[in-house]
file work_30.csv (CSV, C-alpha atoms)
chain,number,residue,atom,x,y,z
A,18,MET,CA,-37.9,45.8,-76.6
A,19,ILE,CA,-35.5,42.8,-76.5
A,20,ARG,CA,-35.5,39.5,-78.3
A,21,ILE,CA,-34.2,36.4,-76.4
A,22,LEU,CA,-33.0,33.6,-78.6
A,23,PRO,CA,-31.4,30.3,-77.4
A,24,LEU,CA,-28.3,29.2,-79.3
A,25,PRO,CA,-28.9,26.2,-81.6
A,26,GLY,CA,-29.1,23.0,-79.5
A,27,ILE,CA,-30.1,24.9,-76.3
A,28,SER,CA,-33.7,25.3,-75.1
A,29,LEU,CA,-35.0,28.4,-73.4
A,30,PRO,CA,-36.3,27.6,-70.0
A,31,ASP,CA,-40.0,28.5,-69.2
A,32,ASP,CA,-38.8,30.5,-66.2
A,33,MET,CA,-36.4,32.8,-68.1
A,34,ARG,CA,-37.2,36.5,-67.4
A,35,VAL,CA,-35.7,39.9,-68.2
A,36,PHE,CA,-35.0,42.0,-65.2
A,37,LEU,CA,-34.9,45.7,-65.8
A,38,TYR,CA,-33.6,48.1,-63.1
A,39,LYS,CA,-33.6,51.9,-63.2
A,40,LEU,CA,-30.2,53.3,-62.1
A,41,PRO,CA,-29.1,53.5,-59.4
A,42,TYR,CA,-30.1,50.1,-58.1
A,43,GLU,CA,-29.0,47.2,-55.8
A,44,LEU,CA,-29.0,43.6,-56.8
A,45,ASP,CA,-30.7,42.5,-53.6
A,46,GLU,CA,-33.7,44.7,-54.5
A,47,ALA,CA,-36.6,43.5,-56.6
A,48,ALA,CA,-36.4,44.3,-60.3
A,49,PHE,CA,-38.1,47.6,-61.3
A,50,TYR,CA,-39.6,45.9,-64.4
A,51,LEU,CA,-40.0,42.3,-65.3
A,52,GLY,CA,-40.5,40.9,-68.8
A,53,GLN,CA,-41.2,37.4,-70.2
A,54,ALA,CA,-40.7,36.4,-73.8
A,55,ASP,CA,-43.6,35.6,-76.1
A,56,THR,CA,-43.5,32.7,-78.5
A,57,SER,CA,-41.1,34.6,-80.8
A,58,GLY,CA,-38.7,35.3,-77.9
A,59,THR,CA,-39.7,39.0,-77.8
A,60,VAL,CA,-40.0,41.0,-74.6
A,61,THR,CA,-41.7,44.4,-74.8
A,62,PHE,CA,-41.5,47.0,-72.0
A,63,LYS,CA,-44.2,49.7,-72.1
A,64,TYR,CA,-44.5,53.1,-70.5
A,65,LEU,CA,-40.9,53.4,-69.4
A,66,ALA,CA,-39.8,56.6,-67.8
A,67,ASP,CA,-36.8,58.3,-69.5
A,68,GLY,CA,-33.5,57.6,-67.8
A,69,GLU,CA,-30.7,55.1,-67.5
A,70,TYR,CA,-31.4,51.3,-67.0
A,71,ALA,CA,-29.5,48.1,-66.4
A,72,SER,CA,-30.8,44.8,-67.6
A,73,PHE,CA,-30.0,41.0,-67.5
A,74,LEU,CA,-31.5,37.6,-68.1
A,75,VAL,CA,-32.4,35.5,-65.1
A,76,GLN,CA,-33.8,32.0,-64.7
A,77,ASP,CA,-36.2,33.2,-62.0
A,78,VAL,CA,-36.7,30.0,-60.1
A,79,ASN,CA,-37.8,31.8,-56.9
A,80,ARG,CA,-40.2,34.0,-58.9
A,81,ASN,CA,-39.5,36.9,-56.5
A,82,ARG,CA,-37.9,39.3,-59.0
A,83,ILE,CA,-34.6,39.1,-57.2
A,84,TRP,CA,-31.6,37.3,-58.6
A,85,ASP,CA,-30.3,34.5,-56.3
A,86,PRO,CA,-26.7,33.8,-57.5
A,87,GLN,CA,-26.6,30.5,-55.6
A,88,ARG,CA,-29.6,29.0,-57.4
A,89,GLU,CA,-30.4,31.0,-60.5
A,90,TYR,CA,-28.5,31.3,-63.8
A,91,ALA,CA,-28.1,34.9,-65.1
A,92,GLN,CA,-26.3,36.6,-67.9
A,93,PRO,CA,-26.1,40.3,-69.1
A,94,THR,CA,-28.2,41.3,-72.1
A,95,ALA,CA,-25.3,43.2,-73.7
A,96,GLN,CA,-24.6,46.7,-72.4
A,97,ARG,CA,-23.9,47.9,-68.8
A,98,VAL,CA,-26.3,50.9,-69.3
A,99,TYR,CA,-29.2,51.5,-71.6
A,100,VAL,CA,-30.6,55.0,-72.1
A,101,VAL,CA,-34.4,55.5,-72.5
A,102,GLU,CA,-35.5,58.6,-74.3
A,103,ASP,CA,-39.2,59.3,-75.2
A,104,GLY,CA,-40.1,56.0,-73.7
A,105,ASP,CA,-38.2,54.0,-76.4
A,106,LEU,CA,-35.9,51.1,-75.5
A,107,ASP,CA,-34.4,48.8,-78.1
A,108,MET,CA,-31.9,46.3,-76.6
A,109,GLY,CA,-31.5,44.2,-79.7
A,110,VAL,CA,-31.0,40.4,-79.4
A,111,ALA,CA,-29.7,38.5,-76.3
A,112,TYR,CA,-28.5,34.9,-76.9
A,113,TYR,CA,-29.2,32.5,-74.1
A,114,ALA,CA,-26.2,30.2,-73.8
A,115,GLN,CA,-26.4,28.1,-70.7
A,116,PRO,CA,-25.5,24.5,-71.7
A,117,ASP,CA,-26.9,21.4,-70.2
A,118,THR,CA,-24.8,20.8,-67.1
A,119,VAL,CA,-27.0,18.3,-65.3
A,120,SER,CA,-25.0,15.1,-64.8
A,121,LEU,CA,-26.1,12.0,-66.7
A,122,ARG,CA,-27.1,9.3,-64.1
A,123,VAL,CA,-27.8,5.6,-64.3
A,124,THR,CA,-31.2,5.1,-62.8
A,125,SER,CA,-31.4,1.3,-63.2
A,126,VAL,CA,-29.5,-1.7,-64.6
A,127,GLY,CA,-31.2,-4.9,-65.7
A,128,LEU,CA,-29.5,-8.2,-66.9
A,129,PHE,CA,-31.1,-10.3,-69.6
A,130,SER,CA,-28.1,-12.7,-69.4
A,131,LYS,CA,-24.6,-13.0,-68.2
A,132,ARG,CA,-23.4,-10.6,-71.0
A,133,ARG,CA,-26.4,-8.5,-71.9
A,134,LEU,CA,-27.4,-5.3,-70.0
A,135,ARG,CA,-30.4,-3.0,-70.1
A,136,VAL,CA,-29.3,0.4,-68.8
A,137,GLU,CA,-31.8,3.2,-68.1
A,138,PHE,CA,-30.3,6.7,-67.9
A,139,SER,CA,-31.7,9.9,-66.5
A,140,LYS,CA,-31.8,11.6,-69.9
A,141,PRO,CA,-31.7,10.5,-73.6
A,142,VAL,CA,-28.5,9.0,-75.0
A,143,ARG,CA,-27.5,8.6,-78.6
A,144,TYR,CA,-25.9,5.6,-80.3
A,145,SER,CA,-22.5,6.1,-81.9
A,146,PRO,CA,-20.2,3.4,-83.2
A,147,GLY,CA,-17.9,2.1,-80.5
A,148,SER,CA,-19.8,3.6,-77.6
A,149,ASN,CA,-18.8,1.7,-74.4
A,150,VAL,CA,-19.4,1.7,-70.7
A,151,LEU,CA,-17.0,0.4,-68.2
A,152,LEU,CA,-18.1,-1.9,-65.3
A,153,GLU,CA,-16.2,-3.2,-62.4
A,154,ALA,CA,-16.9,-5.9,-59.8
A,155,ILE,CA,-17.1,-4.5,-56.3
A,156,ASP,CA,-13.7,-4.7,-54.6
A,157,SER,CA,-12.0,-5.4,-58.0
A,158,GLU,CA,-9.6,-3.2,-59.9
A,159,LEU,CA,-10.1,-4.8,-63.3
A,160,PRO,CA,-12.8,-2.9,-65.4
A,161,ILE,CA,-15.0,-4.8,-67.9
A,162,SER,CA,-15.9,-3.1,-71.1
A,163,ALA,CA,-19.5,-3.3,-72.5
A,164,ARG,CA,-20.3,-2.2,-76.0
A,165,MET,CA,-23.5,-0.4,-76.8
A,166,LEU,CA,-25.8,-2.4,-79.0
A,167,PHE,CA,-28.6,0.1,-79.6
A,168,VAL,CA,-30.8,2.7,-78.1
A,169,ASP,CA,-34.4,1.7,-77.5
A,170,THR,CA,-36.6,3.2,-80.3
A,171,ASN,CA,-39.5,3.9,-78.0
A,172,ASP,CA,-37.5,5.2,-75.0
A,173,PRO,CA,-34.2,7.1,-75.8
A,174,ASN,CA,-33.3,7.0,-72.1
A,175,VAL,CA,-32.7,3.2,-72.4
A,176,ALA,CA,-29.8,1.5,-74.1
A,177,TYR,CA,-28.7,-2.1,-74.4
A,178,PHE,CA,-25.1,-3.3,-73.9
A,179,HIS,CA,-23.0,-6.5,-74.4
A,180,THR,CA,-20.1,-7.2,-72.1
A,181,GLU,CA,-16.8,-8.4,-73.4
A,182,THR,CA,-16.7,-11.2,-70.7
A,183,ASP,CA,-19.3,-13.1,-68.7
A,184,LEU,CA,-20.6,-11.6,-65.5
A,185,SER,CA,-20.6,-13.8,-62.5
A,186,ASP,CA,-23.8,-14.4,-60.5
A,187,THR,CA,-21.7,-14.5,-57.3
A,188,LEU,CA,-20.4,-10.9,-57.7
A,189,ASN,CA,-22.0,-7.4,-57.6
A,190,TYR,CA,-21.1,-4.8,-60.2
A,191,LYS,CA,-21.5,-1.1,-60.9
A,192,LEU,CA,-20.9,1.1,-63.9
A,193,LEU,CA,-17.9,3.4,-63.5
A,194,SER,CA,-18.3,7.1,-63.4
A,195,ASP,CA,-17.0,9.2,-66.4
A,196,SER,CA,-17.2,6.1,-68.7
A,197,PHE,CA,-19.9,7.3,-71.0
A,198,LYS,CA,-21.3,10.6,-72.4
A,199,SER,CA,-24.8,11.7,-73.3
A,200,ASP,CA,-25.6,14.1,-76.2
A,201,ALA,CA,-24.1,17.0,-74.2
A,202,ALA,CA,-20.4,16.5,-74.2
A,203,ASN,CA,-19.9,17.9,-70.7
A,204,THR,CA,-22.4,15.5,-69.0
A,205,LEU,CA,-21.0,12.3,-67.6
A,206,ILE,CA,-22.3,9.3,-65.8
A,207,SER,CA,-22.3,9.4,-62.0
A,208,ASP,CA,-21.8,6.2,-60.0
A,209,SER,CA,-24.5,3.7,-60.8
A,210,PRO,CA,-26.4,1.5,-58.3
A,211,GLU,CA,-24.9,-1.9,-57.7
A,212,PHE,CA,-26.4,-4.9,-59.4
A,213,GLN,CA,-25.7,-8.6,-59.2
A,214,GLY,CA,-24.3,-10.6,-62.1
A,215,SER,CA,-26.0,-13.4,-63.8
A,216,SER,CA,-25.3,-17.0,-65.1
A,217,GLU,CA,-28.2,-17.0,-67.5
A,218,PRO,CA,-27.3,-17.7,-71.2
A,219,ASP,CA,-28.6,-15.2,-73.7
A,220,THR,CA,-31.6,-16.8,-75.3
A,221,SER,CA,-33.0,-13.6,-77.0
A,222,VAL,CA,-33.6,-13.8,-80.7
A,223,VAL,CA,-31.4,-11.4,-82.7
A,224,ARG,CA,-33.5,-9.1,-84.9
A,225,PHE,CA,-33.0,-6.4,-87.5
A,226,HIS,CA,-33.0,-3.1,-85.7
A,227,THR,CA,-32.2,-0.2,-88.0
A,228,HIS,CA,-30.4,0.9,-91.2
A,229,LEU,CA,-27.9,3.5,-90.0
A,230,THR,CA,-27.0,4.7,-93.5
A,231,GLN,CA,-30.5,5.2,-94.8
A,232,GLN,CA,-29.8,8.9,-95.4
A,233,GLY,CA,-27.3,8.1,-98.1
A,234,VAL,CA,-23.8,6.8,-99.2
A,235,ARG,CA,-21.4,7.7,-101.9
A,236,ASN,CA,-18.2,6.5,-103.5
A,237,THR,CA,-17.3,3.3,-101.7
A,238,GLU,CA,-18.9,4.1,-98.3
A,239,PRO,CA,-20.5,1.0,-96.7
A,240,LEU,CA,-24.0,0.4,-95.8
A,241,ILE,CA,-24.3,-0.1,-92.1
A,242,ILE,CA,-27.1,-2.2,-90.6
A,243,GLN,CA,-27.7,-2.5,-86.8
A,244,TYR,CA,-29.1,-5.7,-85.2
A,245,SER,CA,-30.4,-6.1,-81.7
A,246,GLY,CA,-27.8,-8.6,-80.6
A,247,VAL,CA,-24.3,-9.9,-81.4
A,248,LEU,CA,-24.1,-11.7,-84.8
A,249,GLU,CA,-22.3,-14.8,-83.6
A,250,ASN,CA,-22.4,-16.8,-86.9
A,251,THR,CA,-22.2,-16.0,-90.6
A,252,LEU,CA,-25.9,-16.5,-91.4
A,253,VAL,CA,-26.7,-12.8,-91.7
A,254,ALA,CA,-23.6,-12.0,-93.8
A,255,ASP,CA,-24.1,-15.0,-96.0
A,256,SER,CA,-27.8,-14.3,-96.6
A,257,VAL,CA,-27.3,-10.8,-98.2
A,258,GLN,CA,-29.0,-10.5,-101.6
A,259,VAL,CA,-27.9,-7.9,-104.2
A,260,LEU,CA,-29.5,-6.8,-107.4
A,261,VAL,CA,-27.8,-4.2,-109.6
A,262,ASN,CA,-30.1,-2.9,-112.3
A,263,ARG,CA,-32.4,-5.9,-111.6
A,264,GLU,CA,-29.6,-8.4,-112.1
A,265,THR,CA,-28.1,-10.5,-109.3
A,266,ASP,CA,-24.5,-9.4,-108.5
A,267,ASP,CA,-23.0,-11.5,-105.7
A,268,ASP,CA,-19.6,-9.8,-106.1
A,269,PHE,CA,-20.8,-6.2,-105.7
A,270,LEU,CA,-20.8,-6.1,-101.9
A,271,ILE,CA,-18.4,-7.5,-99.3
A,272,ALA,CA,-20.3,-8.4,-96.1
A,273,ASP,CA,-18.6,-8.4,-92.7
A,274,THR,CA,-19.9,-8.3,-89.2
A,275,GLU,CA,-18.6,-6.8,-85.9
A,276,MET,CA,-20.7,-7.2,-82.7
A,277,ASN,CA,-24.2,-6.4,-83.8
A,278,ILE,CA,-23.2,-4.4,-87.0
A,279,LEU,CA,-23.5,-5.7,-90.5
A,280,ARG,CA,-21.3,-3.7,-92.9
A,281,LEU,CA,-21.8,-4.0,-96.7
A,282,THR,CA,-18.9,-2.4,-98.6
A,283,PRO,CA,-19.1,-2.0,-102.4
A,284,THR,CA,-16.2,-3.4,-104.5
A,285,VAL,CA,-16.7,-0.5,-107.0
A,286,PRO,CA,-18.1,3.0,-106.2
A,287,TRP,CA,-21.9,3.5,-106.0
A,288,ASN,CA,-23.3,4.9,-109.2
A,289,SER,CA,-26.4,7.2,-108.8
A,290,SER,CA,-27.5,6.2,-112.3
A,291,ASP,CA,-27.8,2.5,-111.3
A,292,SER,CA,-30.6,1.0,-109.4
A,293,TYR,CA,-29.8,-1.2,-106.3
A,294,THR,CA,-32.0,-3.7,-104.5
A,295,ILE,CA,-30.3,-5.0,-101.3
A,296,ARG,CA,-32.0,-7.4,-99.0
A,297,VAL,CA,-30.6,-8.5,-95.5
A,298,TRP,CA,-31.8,-11.3,-93.3
A,299,ASP,CA,-33.8,-10.8,-90.2
A,300,PRO,CA,-33.3,-13.9,-87.9
A,301,ASP,CA,-36.4,-12.9,-85.8
A,302,SER,CA,-39.0,-12.9,-88.6
A,303,GLN,CA,-37.0,-15.4,-90.7
A,304,ARG,CA,-37.4,-13.3,-93.8
A,305,HIS,CA,-35.4,-10.8,-95.9
A,306,ILE,CA,-35.8,-7.0,-95.4
A,307,THR,CA,-35.2,-4.7,-98.4
A,308,LEU,CA,-33.0,-1.7,-97.6
A,309,THR,CA,-33.7,1.8,-98.9
A,310,THR,CA,-30.9,4.4,-99.2
A,311,GLN,CA,-29.9,7.3,-101.3
A,312,ILE,CA,-26.9,7.2,-103.6
A,313,LEU,CA,-25.2,10.5,-103.3
A,314,ASP,CA,-22.8,12.3,-105.7
A,315,ASN,CA,-21.1,15.7,-105.8
A,316,SER,CA,-24.4,17.4,-106.5
A,317,ASP,CA,-25.6,16.4,-103.0
A,318,PHE,CA,-22.8,18.3,-101.3
A,319,GLY,CA,-21.7,22.0,-101.1
A,320,GLU,CA,-19.3,24.3,-99.3
A,321,LEU,CA,-19.5,27.2,-96.9
A,322,SER,CA,-16.9,30.0,-96.9
A,323,VAL,CA,-16.7,32.1,-93.8
A,324,THR,CA,-14.8,35.4,-93.6
A,325,ILE,CA,-14.4,37.9,-90.6
A,326,ALA,CA,-15.5,41.4,-91.8
A,327,ASP,CA,-13.8,43.4,-89.0
A,328,SER,CA,-10.1,43.8,-89.9
A,329,THR,CA,-9.2,44.4,-86.2
A,330,MET,CA,-10.4,40.8,-85.4
A,331,PHE,CA,-8.9,39.1,-88.4
A,332,ASN,CA,-6.1,37.7,-86.4
A,333,ILE,CA,-8.1,36.5,-83.4
A,334,PRO,CA,-8.9,32.7,-83.3
A,335,MET,CA,-12.6,32.0,-84.0
A,336,VAL,CA,-14.9,29.1,-83.4
A,337,LEU,CA,-17.2,28.1,-86.2
A,338,LYS,CA,-20.1,25.7,-85.6
A,339,ILE,CA,-22.4,24.4,-88.3
A,340,SER,CA,-25.4,22.3,-87.4
A,341,GLY,CA,-28.6,21.1,-89.2
A,342,GLU,CA,-31.4,19.0,-87.8
A,343,ASN,CA,-32.8,18.3,-91.2
A,344,THR,CA,-29.6,16.6,-92.4
A,345,ASP,CA,-29.4,13.7,-89.9
A,346,ASN,CA,-28.1,16.0,-87.1
A,347,ILE,CA,-25.0,17.0,-89.0
A,348,ALA,CA,-22.6,18.9,-86.7
A,349,LEU,CA,-19.4,20.4,-87.9
A,350,GLU,CA,-16.9,22.5,-85.9
A,351,SER,CA,-13.7,24.3,-86.8
A,352,THR,CA,-11.3,26.8,-85.3
A,353,PHE,CA,-9.9,29.3,-87.7
A,354,VAL,CA,-8.2,32.7,-88.1
A,355,GLY,CA,-9.5,35.2,-90.7
A,356,SER,CA,-11.4,32.9,-93.0
A,357,GLU,CA,-12.3,29.3,-93.4
A,358,THR,CA,-14.0,27.1,-96.0
A,359,ILE,CA,-15.9,23.9,-95.0
A,360,THR,CA,-16.3,21.4,-97.8
A,361,ASP,CA,-18.4,18.2,-98.2
A,362,ILE,CA,-21.5,19.5,-96.4
A,363,PRO,CA,-24.7,17.7,-97.3
A,364,VAL,CA,-27.3,19.9,-99.1
A,365,GLY,CA,-29.7,21.4,-96.6
A,366,LEU,CA,-30.5,24.3,-94.3
A,367,TYR,CA,-28.0,25.0,-91.4
A,368,SER,CA,-27.4,27.1,-88.3
A,369,VAL,CA,-24.0,28.8,-88.3
A,370,ILE,CA,-22.4,30.3,-85.2
A,371,VAL,CA,-19.1,32.2,-85.1
A,372,TYR,CA,-17.5,33.7,-82.0
A,373,PRO,CA,-14.0,34.8,-80.8
A,374,ASP,CA,-12.0,32.2,-78.8
A,375,PRO,CA,-8.9,34.1,-77.7
A,376,ASP,CA,-8.3,31.8,-74.7
A,377,GLY,CA,-8.8,28.5,-76.7
A,378,ASP,CA,-11.5,27.0,-74.4
A,379,ASN,CA,-13.9,26.6,-77.3
A,380,LYS,CA,-16.8,28.3,-75.4
A,381,TRP,CA,-18.7,31.5,-76.0
A,382,ASP,CA,-18.5,33.8,-73.0
A,383,PRO,CA,-21.9,35.2,-72.2
A,384,GLY,CA,-20.5,37.7,-69.7
A,385,THR,CA,-21.2,38.1,-66.0
A,386,ILE,CA,-23.5,40.2,-63.9
A,387,ASN,CA,-21.4,41.0,-60.8
A,388,PRO,CA,-18.8,42.2,-61.6
A,389,PHE,CA,-20.3,43.3,-65.0
A,390,ARG,CA,-18.5,41.8,-68.0
A,391,GLN,CA,-20.0,42.3,-71.4
A,392,PRO,CA,-20.8,39.2,-73.5
A,393,ASP,CA,-18.3,38.4,-76.2
A,394,PRO,CA,-19.3,39.1,-79.8
A,395,ILE,CA,-21.3,36.4,-81.5
A,396,PHE,CA,-22.6,35.8,-85.0
A,397,VAL,CA,-25.7,33.6,-85.4
A,398,ASN,CA,-27.5,32.8,-88.7
A,399,ALA,CA,-30.1,30.0,-88.2
A,400,ALA,CA,-31.0,29.6,-91.9
A,401,VAL,CA,-28.0,29.2,-94.1
A,402,PRO,CA,-28.6,27.1,-97.2
A,403,VAL,CA,-26.0,24.8,-98.6
A,404,ARG,CA,-26.5,24.1,-102.3
A,405,GLY,CA,-25.0,21.3,-104.4
A,406,ARG,CA,-21.7,22.0,-106.1
A,407,MET,CA,-21.8,25.6,-104.8
A,408,THR,CA,-19.8,27.6,-102.3
A,409,GLY,CA,-22.0,29.7,-100.0
A,410,GLU,CA,-20.3,32.9,-98.7
A,411,ILE,CA,-20.8,34.2,-95.2
A,412,VAL,CA,-19.3,37.5,-94.1
A,413,VAL,CA,-19.3,37.7,-90.3
A,414,ASP,CA,-20.1,41.1,-88.9
A,415,PHE,CA,-20.4,41.2,-85.2
A,416,ASP,CA,-22.1,44.6,-85.2

call {"tool": "encode", "arguments": {"input": "work_30.csv", "output": "structure tokens"}}
result
Amino acid sequence: MIRILPLPGISLPDDMRVFLYKLPYELDEAAFYLGQADTSGTVTFKYLADGEYASFLVQDVNRNRIWDPQREYAQPTAQRVYVVEDGDLDMGVAYYAQPDTVSLRVTSVGLFSKRRLRVEFSKPVRYSPGSNVLLEAIDSELPISARMLFVDTNDPNVAYFHTETDLSDTLNYKLLSDSFKSDAANTLISDSPEFQGSSEPDTSVVRFHTHLTQQGVRNTEPLIIQYSGVLENTLVADSVQVLVNRETDDDFLIADTEMNILRLTPTVPWNSSDSYTIRVWDPDSQRHITLTTQILDNSDFGELSVTIADSTMFNIPMVLKISGENTDNIALESTFVGSETITDIPVGLYSVIVYPDPDGDNKWDPGTINPFRQPDPIFVNAAVPVRGRMTGEIVVDFD
């Protein structure tokens, strides 16, 4: 039996198989046994003859029980040789680790005006403050920057951008390669199709899009509100309404805008014992929208302390990754030696991964099939709770 588990953030392909060979064997021969994981990731082999076996994971695209190194990803399960006695085989857990390496491509570009772009990508993208793409006119060496406004709520493959200068309807443009990243940090835009500029003014109505800090703020962190277009006048900032404990307080928040972002910064720290009613203007509907958010304090944050148990590995650099989908996709990463404490983690349930990183490339080595190289040790706990005002302790034992 073996259990195949993808590392957090990685999906297990439907065509992933476990190839099992009885020694001696040749890689160009069909696997002696073939196993596919059930819904829990478990593969069970029955009626095995006693003897020595080799095993590895294969993304069996060809479905012919033979590994094709040119087309199919493969990684060893753990050991070079497994010994079966009395028909029993327990190979433990194999962590599938192939990252998303498919390049992010631009499939189409549409212009709403001389400065507003609709860009469709080959896979989902995520908004982050200051996300830009670079454009250039054909036969020109001067790039033009375009700031991301927002990602389409109904189609995460589509994002809208605003260029820093007007595009000319007499020129053709393209997005430059390597100018933007998707969720996977190693995937970059390939050259886009060419598109013609425009002389049309932007007549679209700016509307409220989303409240980016709805999950919570603390101390003097600002509320951040995203609109669908550039806020070119002071109407939105001037129209903010604030009630603290049901009383109007025009001095509590300082409003400023940048591109399509409205930022509301408190003049004194947020107080979780106070009640706040904050309304912002939506130019499209011509009405105020009431914001909801959580006011966080120290009880909403905790710590994780991680210590390497094996004294022989205490001086080896380690990578620590903490991620939690239920906490607004929090992702924390640290490199440490011996032990590490991560502070200010929002309360929630997290996945924790630790692995050695002696060469400093920040990647876990899943090993190779030919020549055989055993996977590096790795520690995975997919359900680590973080509790408010408490330090959770994790002792990393790679055995």

call {"tool": "closest_residue", "arguments": {"input": "work_30.csv", "among": "A:Met108, A:Leu192, A:Leu40, A:Leu229", "to": "Thr94 (chain A)", "atoms": "only C-alpha atoms"}}
result
A:Met108

call {"tool": "residues_around", "arguments": {"input": "work_30.csv", "residues": "region 101-105 of chain A", "least_positions_apart": "4", "cutoff": "9 Å", "atoms": "only C-alpha atoms", "output": "list in words"}}
result
Met18, Phe62, Lys63, Tyr64, Leu65, Ala66, Asp67, Gly68, Glu69 and Tyr70 of chain A

call {"tool": "closest_residue", "arguments": {"input": "work_30.csv", "among": "A:Asp186, A:Ser256, A:Phe167, A:Ala54", "to": "Ile306 (chain A)", "atoms": "all atoms listed in the file"}}
result
A:Ser256

call {"tool": "closest_atom_pairs", "arguments": {"input": "work_30.csv", "of": "region 219-267 of chain A", "to": "region 133-153 of chain A", "cutoff": "12 Å", "atoms": "all atoms listed in the file", "output": "JSON lines"}}
result
{"residue": "A:Asp219", "atom": "CA", "partner": "A:Arg133", "partner_atom": "CA", "distance": 7.3}
{"residue": "A:Thr220", "atom": "CA", "partner": "A:Arg133", "partner_atom": "CA", "distance": 10.4}
{"residue": "A:Ser221", "atom": "CA", "partner": "A:Arg133", "partner_atom": "CA", "distance": 9.8}
{"residue": "A:Thr227", "atom": "CA", "partner": "A:Tyr144", "partner_atom": "CA", "distance": 11.5}
{"residue": "A:Leu229", "atom": "CA", "partner": "A:Ser145", "partner_atom": "CA", "distance": 10.1}
{"residue": "A:Ile241", "atom": "CA", "partner": "A:Pro146", "partner_atom": "CA", "distance": 10.4}
{"residue": "A:Ile242", "atom": "CA", "partner": "A:Pro146", "partner_atom": "CA", "distance": 11.6}
{"residue": "A:Gln243", "atom": "CA", "partner": "A:Pro146", "partner_atom": "CA", "distance": 10.2}
{"residue": "A:Ser245", "atom": "CA", "partner": "A:Arg133", "partner_atom": "CA", "distance": 10.9}
{"residue": "A:Gly246", "atom": "CA", "partner": "A:Arg133", "partner_atom": "CA", "distance": 8.8}
{"residue": "A:Val247", "atom": "CA", "partner": "A:Arg133", "partner_atom": "CA", "distance": 9.8}

call {"tool": "residues_around", "arguments": {"input": "work_30.csv", "residues": "region 312-324 of chain A", "least_positions_apart": "4", "cutoff": "10 Å", "atoms": "all atoms listed in the file", "output": "ChimeraX atom specification"}}
result
/A:231-236,287-293,331,337,339,353-365,369,371,401-414

call {"tool": "atom_distance", "arguments": {"input": "work_30.csv", "atom1": "CA of Asp55 (chain A)", "atom2": "CA of Ala111 (chain A)"}}
result
14.2 Å

call {"tool": "closest_residue", "arguments": {"input": "work_30.csv", "among": "A:Met165, A:Ala176, A:Leu366, A:Leu74", "to": "Ile278 (chain A)", "atoms": "all atoms listed in the file"}}
result
A:Met165

call {"tool": "atom_distance", "arguments": {"input": "work_30.csv", "atom1": "CA of Ser57 (chain A)", "atom2": "CA of Tyr42 (chain A)"}}
result
29.6 Å

call {"tool": "residues_around", "arguments": {"input": "work_30.csv", "residues": "Asp301 (chain A)", "least_positions_apart": "6", "cutoff": "7 Å", "atoms": "only C-alpha atoms", "output": "PyMOL selection string"}}
result
chain A and resi 222-224

call {"tool": "atom_distance", "arguments": {"input": "work_30.csv", "atom1": "CA of Glu181 (chain A)", "atom2": "CA of Asp169 (chain A)"}}
result
20.7 Å

call {"tool": "residues_near_point", "arguments": {"input": "work_30.csv", "point": "(-20.9, -11.2, -65.1)", "cutoff": "10 Å", "atoms": "all atoms listed in the file", "output": "list in words"}}
result
Leu128, Ser130, Lys131, Arg132, Arg133, Leu152, Glu153, Ala154, Ile161, Thr180, Glu181, Thr182, Asp183, Leu184, Ser185, Asp186, Thr187, Leu188, Asn189, Tyr190, Gln213, Gly214, Ser215, Ser216 and Glu217 of chain A

call {"tool": "closest_residue", "arguments": {"input": "work_30.csv", "among": "A:Gly26, A:Pro283, A:Pro210, A:Gly377", "to": "Arg122 (chain A)", "atoms": "only C-alpha atoms"}}
result
A:Pro210

call {"tool": "closest_residue", "arguments": {"input": "work_30.csv", "among": "A:Thr274, A:Thr329, A:Gln258, A:Ser368", "to": "Ile295 (chain A)", "atoms": "all atoms listed in the file"}}
result
A:Gln258

call {"tool": "closest_residue", "arguments": {"input": "work_30.csv", "among": "A:Phe178, A:Trp84, A:Phe396, A:Tyr113", "to": "Phe129 (chain A)", "atoms": "all atoms listed in the file"}}
result
A:Phe178

call {"tool": "build_atoms", "arguments": {"input": "work_30.csv", "residues": "region 270-276 of chain A", "atoms": "N, CA and C atoms", "output": "mmCIF file, keeping the file's coordinate frame"}}
result
data_model
loop_
_atom_site.group_PDB
_atom_site.id
_atom_site.type_symbol
_atom_site.label_atom_id
_atom_site.label_comp_id
_atom_site.auth_asym_id
_atom_site.auth_seq_id
_atom_site.Cartn_x
_atom_site.Cartn_y
_atom_site.Cartn_z
ATOM 1 N N LEU A 270 -20.996 -6.491 -103.298
ATOM 2 C CA LEU A 270 -20.800 -6.100 -101.900
ATOM 3 C C LEU A 270 -20.002 -7.123 -101.135
ATOM 4 N N ILE A 271 -19.129 -6.626 -100.261
ATOM 5 C CA ILE A 271 -18.400 -7.500 -99.300
ATOM 6 C C ILE A 271 -19.074 -7.315 -97.959
ATOM 7 N N ALA A 272 -19.552 -8.422 -97.389
ATOM 8 C CA ALA A 272 -20.300 -8.400 -96.100
ATOM 9 C C ALA A 272 -19.357 -8.807 -94.973
ATOM 10 N N ASP A 273 -19.318 -8.016 -93.923
ATOM 11 C CA ASP A 273 -18.600 -8.400 -92.700
ATOM 12 C C ASP A 273 -19.369 -7.937 -91.506
ATOM 13 N N THR A 274 -19.152 -8.596 -90.393
ATOM 14 C CA THR A 274 -19.900 -8.300 -89.200
ATOM 15 C C THR A 274 -18.907 -7.973 -88.025
ATOM 16 N N GLU A 275 -19.350 -7.081 -87.128
ATOM 17 C CA GLU A 275 -18.600 -6.800 -85.900
ATOM 18 C C GLU A 275 -19.669 -6.546 -84.810
ATOM 19 N N MET A 276 -19.637 -7.348 -83.747
ATOM 20 C CA MET A 276 -20.700 -7.200 -82.700
ATOM 21 C C MET A 276 -22.042 -7.382 -83.346
#
